Amino acid sequence: MVTSRHEAAHRIFQERPALLAPTFRLLGVSLPEKPRVEVLTPDVTELEPVERRIDSVLRLSPEKGGTPLLLAIEAQSRPDPRKARNWAYYLSFLESKNECPAYLLVVCQDKTTAEWASGPFDLGTDDWSPLTVRPLVLGPGNVPVIVEPEEAEEDLTMATFAAMTHGKSSDAPAILKVLASALYRMDRLTRKYYTELLEAKLGDTPIRQTWRDLMKNGSFFPGRGTLVEETFLKGKAAGIVEERARFILRTLEKRDMPVRASQHARITGTDDMTALAHWMDKVLTVTDVSELFDDIPPDDDVTVSRGTVPLPLPDDADKG
């Protein structure tokens, strides 16, 4: 069974194909300009009872017609001498069946595996190699370290991929902090997707806890035991309630938006996680605090736990 950590390393290319252009520039290999990208079946089994599956297979078709390009993507966590023959089979099968060129892209998270995966792998005997496999490899050696907030916000997919790739390096905490900051400026669904995709890829590594501490929201990968899923199911974790309320009030303060006492009480007095998440999404775009509550039920319909978040009232608090 494919693990979530393994899956995340190649799934990001399926679901965010815009990542292909910048990563292939890193490799010095050209792709069709503005291609149409299709996800193909990863099954390369023929009539024999041996199952062979590539992690991901994409077909990139040129915008103005012409010969498409197949891209087989494999996530590799350690050197494996058996892989060269499997990869040779994948490439020859794909080229023969589809009558077009095929590349193999191997994604690694550590330098040793990346250096090994670069090959080339000569198949045959000591005095003759009838077939050579030359994978394209993405790993810590050629994927940039993104530690500038503006760069992470400009390209979330590349920033997330960089965090995946450098998850075992000393730069990981700085990368995660910048990515978390960028994600909190995004809409709720975008934030949830990248949060869980990265957590799945980090697996059981120590840095995963750092990411769990930084990010808390909904669920795209149910059943994987991620913090996002735990938080959603628990729903009323007091620490998260306080953190969300503080975020909302802090953002309003930075935007120089006056908060009335009744509005302050509503934000700090609820433990409704859905309402708080909704207000967090809206707080960056509203022009008046009252707009936060436009599509939320009245106060008496929201679960209230007075005194949960002991935050000070604004100086100009109204008496209502």
# chains A, B, ... in the order shown; residues from 1 in each chain; ligands from 1
>>> select_by_dssp(residues="segment 8-215 of chain A", states="strand (DSSP E)", output="VMD selection string")
chain A and resid 36 to 40 56 to 61 69 to 75 102 to 107 121 to 125 128 to 133 136 to 138
>>> write_last_selection(atoms="C-alpha atoms", output="mmCIF file, in the first residue's frame")
data_model
loop_
_atom_site.group_PDB
_atom_site.id
_atom_site.type_symbol
_atom_site.label_atom_id
_atom_site.label_comp_id
_atom_site.auth_asym_id
_atom_site.auth_seq_id
_atom_site.Cartn_x
_atom_site.Cartn_y
_atom_site.Cartn_z
ATOM 1 C CA ARG A 36 -2.330 20.560 -21.840
ATOM 2 C CA VAL A 37 -1.626 18.175 -18.969
ATOM 3 C CA GLU A 38 -3.443 14.843 -18.572
ATOM 4 C CA VAL A 39 -3.066 12.328 -15.755
ATOM 5 C CA LEU A 40 -2.727 8.834 -17.223
ATOM 6 C CA SER A 56 2.360 9.134 -11.537
ATOM 7 C CA VAL A 57 2.231 9.450 -15.308
ATOM 8 C CA LEU A 58 1.447 12.756 -17.032
ATOM 9 C CA ARG A 59 1.004 13.480 -20.734
ATOM 10 C CA LEU A 60 2.043 16.978 -21.784
ATOM 11 C CA SER A 61 0.550 17.958 -25.131
ATOM 12 C CA LEU A 69 5.701 14.142 -24.021
ATOM 13 C CA LEU A 70 5.125 11.562 -21.300
ATOM 14 C CA LEU A 71 6.454 12.173 -17.824
ATOM 15 C CA ALA A 72 6.774 9.257 -15.383
ATOM 16 C CA ILE A 73 7.231 10.536 -11.805
ATOM 17 C CA GLU A 74 8.654 8.389 -9.020
ATOM 18 C CA ALA A 75 9.168 9.261 -5.349
ATOM 19 C CA ALA A 102 9.070 9.643 -22.206
ATOM 20 C CA TYR A 103 11.061 11.125 -19.322
ATOM 21 C CA LEU A 104 11.535 9.724 -15.841
ATOM 22 C CA LEU A 105 11.516 12.260 -12.984
ATOM 23 C CA VAL A 106 12.660 11.002 -9.572
ATOM 24 C CA VAL A 107 11.850 13.106 -6.492
ATOM 25 C CA PHE A 121 22.295 3.166 -14.920
ATOM 26 C CA ASP A 122 23.912 0.904 -17.509
ATOM 27 C CA LEU A 123 22.057 -2.366 -18.040
ATOM 28 C CA GLY A 124 23.829 -5.362 -19.526
ATOM 29 C CA THR A 125 27.228 -6.901 -18.851
ATOM 30 C CA TRP A 128 28.499 -4.160 -23.154
ATOM 31 C CA SER A 129 25.552 -2.019 -22.025
ATOM 32 C CA PRO A 130 22.686 -2.232 -24.527
ATOM 33 C CA LEU A 131 20.487 0.079 -22.452
ATOM 34 C CA THR A 132 21.174 3.102 -20.237
ATOM 35 C CA VAL A 133 18.641 4.818 -17.976
ATOM 36 C CA LEU A 136 15.907 13.480 -14.124
ATOM 37 C CA VAL A 137 16.244 14.076 -10.371
ATOM 38 C CA LEU A 138 14.855 16.744 -8.046
#
>>> residues_around(residues="Gln109 of chain A", least_positions_apart="2", cutoff="8 Å", atoms="only C-alpha atoms", output="list of chain:residue names")
A:Gln76, A:Ser77, A:Val107, A:Lys111, A:Thr113, A:Ala114, A:Gly139, A:Pro140, A:Met164, A:Thr165, A:His166, A:Gly167, A:Lys168
>>> write_last_selection(atoms="all heavy atoms", output="PDB file, in the first residue's frame")
ATOM      1  N   GLN A  76      11.310   8.567  -4.446  1.00  0.00           N
ATOM      2  CA  GLN A  76      12.295   7.594  -3.996  1.00  0.00           C
ATOM      3  C   GLN A  76      12.876   8.018  -2.656  1.00  0.00           C
ATOM      4  O   GLN A  76      13.417   9.122  -2.523  1.00  0.00           O
ATOM      5  CB  GLN A  76      13.414   7.460  -5.032  1.00  0.00           C
ATOM      6  CG  GLN A  76      14.325   6.272  -4.831  1.00  0.00           C
ATOM      7  CD  GLN A  76      13.614   4.937  -5.040  1.00  0.00           C
ATOM      8  OE1 GLN A  76      12.658   4.853  -5.792  1.00  0.00           O
ATOM      9  NE2 GLN A  76      14.094   3.901  -4.369  1.00  0.00           N
ATOM     10  N   SER A  77      12.757   7.152  -1.648  1.00  0.00           N
ATOM     11  CA  SER A  77      13.204   7.506  -0.299  1.00  0.00           C
ATOM     12  C   SER A  77      14.595   6.965   0.036  1.00  0.00           C
ATOM     13  O   SER A  77      15.215   7.409   0.998  1.00  0.00           O
ATOM     14  CB  SER A  77      12.201   6.986   0.738  1.00  0.00           C
ATOM     15  OG  SER A  77      12.075   5.575   0.641  1.00  0.00           O
ATOM     16  N   VAL A 107      11.890  12.080  -7.539  1.00  0.00           N
ATOM     17  CA  VAL A 107      11.850  13.106  -6.492  1.00  0.00           C
ATOM     18  C   VAL A 107      12.422  12.512  -5.205  1.00  0.00           C
ATOM     19  O   VAL A 107      11.939  11.477  -4.727  1.00  0.00           O
ATOM     20  CB  VAL A 107      10.411  13.604  -6.255  1.00  0.00           C
ATOM     21  CG1 VAL A 107      10.386  14.695  -5.184  1.00  0.00           C
ATOM     22  CG2 VAL A 107       9.806  14.122  -7.561  1.00  0.00           C
ATOM     23  N   LYS A 111      20.155  14.015   0.078  1.00  0.00           N
ATOM     24  CA  LYS A 111      21.221  14.165  -0.912  1.00  0.00           C
ATOM     25  C   LYS A 111      21.755  12.822  -1.397  1.00  0.00           C
ATOM     26  O   LYS A 111      22.010  12.635  -2.593  1.00  0.00           O
ATOM     27  CB  LYS A 111      22.352  14.999  -0.304  1.00  0.00           C
ATOM     28  CG  LYS A 111      23.481  15.303  -1.266  1.00  0.00           C
ATOM     29  CD  LYS A 111      24.538  16.168  -0.599  1.00  0.00           C
ATOM     30  CE  LYS A 111      25.681  16.462  -1.561  1.00  0.00           C
ATOM     31  NZ  LYS A 111      26.749  17.294  -0.908  1.00  0.00           N
ATOM     32  N   THR A 113      20.297   9.847  -1.651  1.00  0.00           N
ATOM     33  CA  THR A 113      19.378   9.197  -2.589  1.00  0.00           C
ATOM     34  C   THR A 113      19.350   9.933  -3.919  1.00  0.00           C
ATOM     35  O   THR A 113      19.321   9.309  -4.987  1.00  0.00           O
ATOM     36  CB  THR A 113      17.961   9.127  -1.983  1.00  0.00           C
ATOM     37  OG1 THR A 113      18.023   8.437  -0.736  1.00  0.00           O
ATOM     38  CG2 THR A 113      17.010   8.396  -2.915  1.00  0.00           C
ATOM     39  N   ALA A 114      19.378  11.260  -3.882  1.00  0.00           N
ATOM     40  CA  ALA A 114      19.339  12.048  -5.114  1.00  0.00           C
ATOM     41  C   ALA A 114      20.577  11.793  -5.970  1.00  0.00           C
ATOM     42  O   ALA A 114      20.480  11.651  -7.198  1.00  0.00           O
ATOM     43  CB  ALA A 114      19.220  13.526  -4.774  1.00  0.00           C
ATOM     44  N   GLY A 139      15.996  17.144  -5.940  1.00  0.00           N
ATOM     45  CA  GLY A 139      16.337  16.862  -4.549  1.00  0.00           C
ATOM     46  C   GLY A 139      16.929  18.090  -3.898  1.00  0.00           C
ATOM     47  O   GLY A 139      16.916  19.191  -4.465  1.00  0.00           O
ATOM     48  N   PRO A 140      17.471  17.944  -2.692  1.00  0.00           N
ATOM     49  CA  PRO A 140      18.018  19.092  -1.962  1.00  0.00           C
ATOM     50  C   PRO A 140      19.124  19.826  -2.715  1.00  0.00           C
ATOM     51  O   PRO A 140      19.357  21.012  -2.475  1.00  0.00           O
ATOM     52  CB  PRO A 140      18.560  18.462  -0.676  1.00  0.00           C
ATOM     53  CG  PRO A 140      17.778  17.206  -0.507  1.00  0.00           C
ATOM     54  CD  PRO A 140      17.522  16.705  -1.895  1.00  0.00           C
ATOM     55  N   MET A 164       8.926  20.267   1.168  1.00  0.00           N
ATOM     56  CA  MET A 164       8.964  18.802   1.096  1.00  0.00           C
ATOM     57  C   MET A 164      10.398  18.310   0.880  1.00  0.00           C
ATOM     58  O   MET A 164      10.876  17.393   1.548  1.00  0.00           O
ATOM     59  CB  MET A 164       8.109  18.308  -0.071  1.00  0.00           C
ATOM     60  CG  MET A 164       6.618  18.456   0.096  1.00  0.00           C
ATOM     61  SD  MET A 164       5.814  17.799  -1.400  1.00  0.00           S
ATOM     62  CE  MET A 164       4.095  17.950  -0.922  1.00  0.00           C
ATOM     63  N   THR A 165      11.062  18.926  -0.084  1.00  0.00           N
ATOM     64  CA  THR A 165      12.385  18.457  -0.495  1.00  0.00           C
ATOM     65  C   THR A 165      13.437  18.684   0.580  1.00  0.00           C
ATOM     66  O   THR A 165      14.341  17.864   0.773  1.00  0.00           O
ATOM     67  CB  THR A 165      12.803  19.176  -1.790  1.00  0.00           C
ATOM     68  OG1 THR A 165      11.767  19.025  -2.770  1.00  0.00           O
ATOM     69  CG2 THR A 165      14.088  18.601  -2.338  1.00  0.00           C
ATOM     70  N   HIS A 166      13.321  19.797   1.305  1.00  0.00           N
ATOM     71  CA  HIS A 166      14.324  20.141   2.316  1.00  0.00           C
ATOM     72  C   HIS A 166      13.849  19.803   3.728  1.00  0.00           C
ATOM     73  O   HIS A 166      14.367  20.360   4.704  1.00  0.00           O
ATOM     74  CB  HIS A 166      14.668  21.628   2.219  1.00  0.00           C
ATOM     75  CG  HIS A 166      15.357  22.011   0.942  1.00  0.00           C
ATOM     76  ND1 HIS A 166      16.710  21.835   0.744  1.00  0.00           N
ATOM     77  CD2 HIS A 166      14.872  22.535  -0.209  1.00  0.00           C
ATOM     78  CE1 HIS A 166      17.034  22.246  -0.472  1.00  0.00           C
ATOM     79  NE2 HIS A 166      15.943  22.682  -1.067  1.00  0.00           N
ATOM     80  N   GLY A 167      12.892  18.893   3.833  1.00  0.00           N
ATOM     81  CA  GLY A 167      12.313  18.559   5.127  1.00  0.00           C
ATOM     82  C   GLY A 167      13.291  17.970   6.119  1.00  0.00           C
ATOM     83  O   GLY A 167      13.045  17.997   7.331  1.00  0.00           O
ATOM     84  N   LYS A 168      14.427  17.436   5.644  1.00  0.00           N
ATOM     85  CA  LYS A 168      15.416  16.842   6.547  1.00  0.00           C
ATOM     86  C   LYS A 168      16.621  17.744   6.774  1.00  0.00           C
ATOM     87  O   LYS A 168      17.565  17.345   7.456  1.00  0.00           O
ATOM     88  CB  LYS A 168      15.893  15.499   5.978  1.00  0.00           C
ATOM     89  CG  LYS A 168      14.804  14.435   5.908  1.00  0.00           C
ATOM     90  CD  LYS A 168      15.361  13.131   5.359  1.00  0.00           C
ATOM     91  CE  LYS A 168      14.301  12.045   5.303  1.00  0.00           C
ATOM     92  NZ  LYS A 168      14.833  10.768   4.764  1.00  0.00           N
TER      93      LYS A 168
END
>>> residues_around(residues="Val283 of chain A", least_positions_apart="5", cutoff="9 Å", atoms="only C-alpha atoms", output="CSV table (one decimal) with all heavy atoms, in the first residue's frame")
chain,number,residue,atom,x,y,z
A,248,ILE,N,-7.7,37.2,14.7
A,248,ILE,CA,-8.7,38.1,14.1
A,248,ILE,C,-8.6,39.5,14.7
A,248,ILE,O,-8.6,40.5,13.9
A,248,ILE,CB,-10.1,37.5,14.4
A,248,ILE,CG1,-10.3,36.2,13.7
A,248,ILE,CG2,-11.2,38.5,14.0
A,248,ILE,CD1,-11.5,35.4,14.1
A,249,LEU,N,-8.5,39.6,16.0
A,249,LEU,CA,-8.3,40.9,16.6
A,249,LEU,C,-7.0,41.6,16.3
A,249,LEU,O,-7.0,42.8,16.0
A,249,LEU,CB,-8.5,40.8,18.1
A,249,LEU,CG,-9.8,40.3,18.7
A,249,LEU,CD1,-9.8,40.1,20.2
A,249,LEU,CD2,-10.9,41.4,18.3
A,251,THR,N,-5.4,41.2,13.5
A,251,THR,CA,-5.5,41.6,12.1
A,251,THR,C,-6.3,42.9,12.0
A,251,THR,O,-6.0,43.8,11.2
A,251,THR,CB,-6.1,40.5,11.2
A,251,THR,OG1,-5.3,39.3,11.4
A,251,THR,CG2,-6.1,40.9,9.8
A,252,LEU,N,-7.4,43.0,12.7
A,252,LEU,CA,-8.2,44.2,12.7
A,252,LEU,C,-7.5,45.4,13.2
A,252,LEU,O,-7.6,46.5,12.7
A,252,LEU,CB,-9.5,43.9,13.5
A,252,LEU,CG,-10.5,42.9,13.0
A,252,LEU,CD1,-11.6,42.6,14.0
A,252,LEU,CD2,-11.1,43.4,11.7
A,278,HIS,N,-14.3,31.0,9.7
A,278,HIS,CA,-14.9,31.8,8.7
A,278,HIS,C,-14.5,33.3,8.8
A,278,HIS,O,-14.2,34.0,7.9
A,278,HIS,CB,-16.4,31.7,8.8
A,278,HIS,CG,-17.2,32.5,7.8
A,278,HIS,ND1,-17.2,32.2,6.5
A,278,HIS,CD2,-18.0,33.6,7.9
A,278,HIS,CE1,-18.0,33.0,5.8
A,278,HIS,NE2,-18.5,33.9,6.7
A,289,VAL,N,-15.9,46.0,10.5
A,289,VAL,CA,-16.0,44.8,11.3
A,289,VAL,C,-17.3,44.1,11.3
A,289,VAL,O,-17.4,42.8,11.3
A,289,VAL,CB,-15.7,45.1,12.8
A,289,VAL,CG1,-15.7,43.9,13.7
A,289,VAL,CG2,-14.3,45.8,12.9
A,291,GLU,N,-19.1,43.4,8.8
A,291,GLU,CA,-19.2,42.5,7.7
A,291,GLU,C,-18.7,41.1,8.0
A,291,GLU,O,-19.1,40.2,7.3
A,291,GLU,CB,-18.3,43.1,6.5
A,291,GLU,CG,-18.8,44.4,6.0
A,291,GLU,CD,-17.9,45.0,4.9
A,291,GLU,OE1,-17.1,44.2,4.4
A,291,GLU,OE2,-18.0,46.2,4.6
A,292,LEU,N,-18.0,41.0,9.1
A,292,LEU,CA,-17.6,39.6,9.5
A,292,LEU,C,-18.8,38.7,9.8
A,292,LEU,O,-18.7,37.5,9.5
A,292,LEU,CB,-16.7,39.7,10.7
A,292,LEU,CG,-15.2,40.1,10.6
A,292,LEU,CD1,-14.6,40.2,12.0
A,292,LEU,CD2,-14.4,39.2,9.7
>>> closest_residue(among="A:Thr268, A:Asn142, A:Gln14, A:Thr112", to="Leu26 of chain A", atoms="only C-alpha atoms")
A:Asn142
>>> select_by_dssp(residues="segment 90-259 of chain A", states="alpha helix (DSSP H)", output="count of residues only")
92
>>> atom_distance(atom1="atom CA of Ile146 of chain A", atom2="atom CA of Ile175 of chain A")
6.0 Å
>>> closest_residue(among="A:Leu176, A:Gln209, A:Asp127, A:Gly28", to="Val145 of chain A", atoms="only C-alpha atoms")
A:Leu176
>>> atom_distance(atom1="atom CA of Glu151 of chain A", atom2="atom CA of Leu179 of chain A")
9.5 Å
>>> closest_residue(among="A:Val143, A:Cys108, A:Met215, A:Ala265", to="Arg25 of chain A", atoms="only C-alpha atoms")
A:Val143
>>> atom_distance(atom1="atom CA of Glu33 of chain A", atom2="atom CA of Glu63 of chain A")
6.7 Å
>>> closest_residue(among="A:Asp155, A:Asp126, A:Asp281, A:Asp204", to="Arg185 of chain A", atoms="only C-alpha atoms")
A:Asp281
>>> residues_around(residues="Thr205 of chain A", least_positions_apart="2", cutoff="12 Å", atoms="only C-alpha atoms", output="list in words")
Arg5, Gln109, Met164, His166, Gly167, Lys168, Ser169, Ala172, Leu198, Glu199, Ala200, Lys201, Leu202, Gly203, Ile207, Arg208, Gln209, Thr210, Trp211 and Arg212 of chain A
>>> residues_around(residues="Leu183 of chain A", least_positions_apart="2", cutoff="9 Å", atoms="only C-alpha atoms", output="list of chain:residue names")
A:Ala152, A:Glu153, A:Leu156, A:Val178, A:Leu179, A:Ala180, A:Ser181, A:Arg185, A:Met186, A:Asp187, A:Arg188, A:Thr190, A:Arg191, A:Lys192, A:Tyr194, A:Thr195, A:Met215
>>> decode(residues="segment 105-140 of chain A", atoms="N, CA and C atoms", output="mmCIF file, in the first residue's frame")
data_model
loop_
_atom_site.group_PDB
_atom_site.id
_atom_site.type_symbol
_atom_site.label_atom_id
_atom_site.label_comp_id
_atom_site.auth_asym_id
_atom_site.auth_seq_id
_atom_site.Cartn_x
_atom_site.Cartn_y
_atom_site.Cartn_z
ATOM 1 N N LEU A 105 11.157 11.275 -13.998
ATOM 2 C CA LEU A 105 11.516 12.260 -12.984
ATOM 3 C C LEU A 105 11.465 11.592 -11.619
ATOM 4 N N VAL A 106 12.578 11.606 -10.895
ATOM 5 C CA VAL A 106 12.660 11.002 -9.572
ATOM 6 C C VAL A 106 12.775 12.116 -8.533
ATOM 7 N N VAL A 107 11.890 12.080 -7.539
ATOM 8 C CA VAL A 107 11.850 13.106 -6.492
ATOM 9 C C VAL A 107 12.422 12.512 -5.205
ATOM 10 N N CYS A 108 13.455 13.155 -4.648
ATOM 11 C CA CYS A 108 14.137 12.652 -3.455
ATOM 12 C C CYS A 108 14.163 13.723 -2.367
ATOM 13 N N GLN A 109 14.280 13.264 -1.112
ATOM 14 C CA GLN A 109 14.294 14.180 0.021
ATOM 15 C C GLN A 109 15.652 14.247 0.714
ATOM 16 N N ASP A 110 16.605 13.462 0.261
ATOM 17 C CA ASP A 110 17.938 13.528 0.871
ATOM 18 C C ASP A 110 18.995 13.451 -0.226
ATOM 19 N N LYS A 111 20.155 14.015 0.078
ATOM 20 C CA LYS A 111 21.221 14.165 -0.912
ATOM 21 C C LYS A 111 21.755 12.822 -1.397
ATOM 22 N N THR A 112 21.922 11.871 -0.496
ATOM 23 C CA THR A 112 22.480 10.565 -0.864
ATOM 24 C C THR A 112 21.606 9.869 -1.896
ATOM 25 N N THR A 113 20.297 9.847 -1.651
ATOM 26 C CA THR A 113 19.378 9.197 -2.589
ATOM 27 C C THR A 113 19.350 9.933 -3.919
ATOM 28 N N ALA A 114 19.378 11.260 -3.882
ATOM 29 C CA ALA A 114 19.339 12.048 -5.114
ATOM 30 C C ALA A 114 20.577 11.793 -5.970
ATOM 31 N N GLU A 115 21.749 11.723 -5.327
ATOM 32 C CA GLU A 115 22.976 11.455 -6.084
ATOM 33 C C GLU A 115 22.940 10.070 -6.708
ATOM 34 N N TRP A 116 22.432 9.098 -5.955
ATOM 35 C CA TRP A 116 22.324 7.743 -6.504
ATOM 36 C C TRP A 116 21.336 7.700 -7.673
ATOM 37 N N ALA A 117 20.181 8.349 -7.506
ATOM 38 C CA ALA A 117 19.128 8.275 -8.513
ATOM 39 C C ALA A 117 19.510 8.949 -9.823
ATOM 40 N N SER A 118 20.502 9.841 -9.786
ATOM 41 C CA SER A 118 20.919 10.537 -11.005
ATOM 42 C C SER A 118 21.570 9.597 -12.013
ATOM 43 N N GLY A 119 22.053 8.429 -11.557
ATOM 44 C CA GLY A 119 22.649 7.461 -12.460
ATOM 45 C C GLY A 119 23.921 8.005 -13.116
ATOM 46 N N PRO A 120 24.119 7.694 -14.404
ATOM 47 C CA PRO A 120 23.269 6.833 -15.247
ATOM 48 C C PRO A 120 23.389 5.360 -14.860
ATOM 49 N N PHE A 121 22.342 4.592 -15.214
ATOM 50 C CA PHE A 121 22.295 3.166 -14.920
ATOM 51 C C PHE A 121 22.485 2.385 -16.221
ATOM 52 N N ASP A 122 23.619 1.708 -16.324
ATOM 53 C CA ASP A 122 23.912 0.904 -17.509
ATOM 54 C C ASP A 122 23.448 -0.520 -17.275
ATOM 55 N N LEU A 123 22.584 -0.998 -18.144
ATOM 56 C CA LEU A 123 22.057 -2.366 -18.040
ATOM 57 C C LEU A 123 22.758 -3.253 -19.061
ATOM 58 N N GLY A 124 23.150 -4.439 -18.629
ATOM 59 C CA GLY A 124 23.829 -5.362 -19.526
ATOM 60 C C GLY A 124 24.945 -6.060 -18.789
ATOM 61 N N THR A 125 26.079 -6.235 -19.458
ATOM 62 C CA THR A 125 27.228 -6.901 -18.851
ATOM 63 C C THR A 125 28.374 -5.915 -18.707
ATOM 64 N N ASP A 126 29.471 -6.387 -18.120
ATOM 65 C CA ASP A 126 30.613 -5.507 -17.907
ATOM 66 C C ASP A 126 31.191 -4.975 -19.212
ATOM 67 N N ASP A 127 31.123 -5.775 -20.303
ATOM 68 C CA ASP A 127 31.751 -5.345 -21.551
ATOM 69 C C ASP A 127 30.760 -4.773 -22.567
ATOM 70 N N TRP A 128 29.463 -4.753 -22.207
ATOM 71 C CA TRP A 128 28.499 -4.160 -23.154
ATOM 72 C C TRP A 128 27.221 -3.769 -22.426
ATOM 73 N N SER A 129 26.782 -2.524 -22.635
ATOM 74 C CA SER A 129 25.552 -2.019 -22.025
ATOM 75 C C SER A 129 24.568 -1.642 -23.131
ATOM 76 N N PRO A 130 23.631 -2.521 -23.448
ATOM 77 C CA PRO A 130 22.686 -2.232 -24.527
ATOM 78 C C PRO A 130 21.647 -1.166 -24.158
ATOM 79 N N LEU A 131 21.520 -0.863 -22.875
ATOM 80 C CA LEU A 131 20.487 0.079 -22.452
ATOM 81 C C LEU A 131 20.983 0.889 -21.258
ATOM 82 N N THR A 132 20.783 2.203 -21.327
ATOM 83 C CA THR A 132 21.174 3.102 -20.237
ATOM 84 C C THR A 132 19.972 3.939 -19.822
ATOM 85 N N VAL A 133 19.745 4.017 -18.517
ATOM 86 C CA VAL A 133 18.641 4.818 -17.976
ATOM 87 C C VAL A 133 19.221 6.059 -17.316
ATOM 88 N N ARG A 134 18.711 7.229 -17.718
ATOM 89 C CA ARG A 134 19.193 8.495 -17.174
ATOM 90 C C ARG A 134 18.001 9.283 -16.626
ATOM 91 N N PRO A 135 17.686 9.104 -15.351
ATOM 92 C CA PRO A 135 16.563 9.832 -14.757
ATOM 93 C C PRO A 135 16.870 11.327 -14.592
ATOM 94 N N LEU A 136 15.824 12.101 -14.584
ATOM 95 C CA LEU A 136 15.907 13.480 -14.124
ATOM 96 C C LEU A 136 15.612 13.440 -12.628
ATOM 97 N N VAL A 137 16.361 14.181 -11.826
ATOM 98 C CA VAL A 137 16.244 14.076 -10.371
ATOM 99 C C VAL A 137 16.047 15.457 -9.753
ATOM 100 N N LEU A 138 15.061 15.552 -8.862
ATOM 101 C CA LEU A 138 14.855 16.744 -8.046
ATOM 102 C C LEU A 138 15.125 16.374 -6.596
ATOM 103 N N GLY A 139 15.996 17.144 -5.940
ATOM 104 C CA GLY A 139 16.337 16.862 -4.549
ATOM 105 C C GLY A 139 16.929 18.090 -3.898
ATOM 106 N N PRO A 140 17.471 17.944 -2.692
ATOM 107 C CA PRO A 140 18.018 19.092 -1.962
ATOM 108 C C PRO A 140 19.124 19.826 -2.715
#
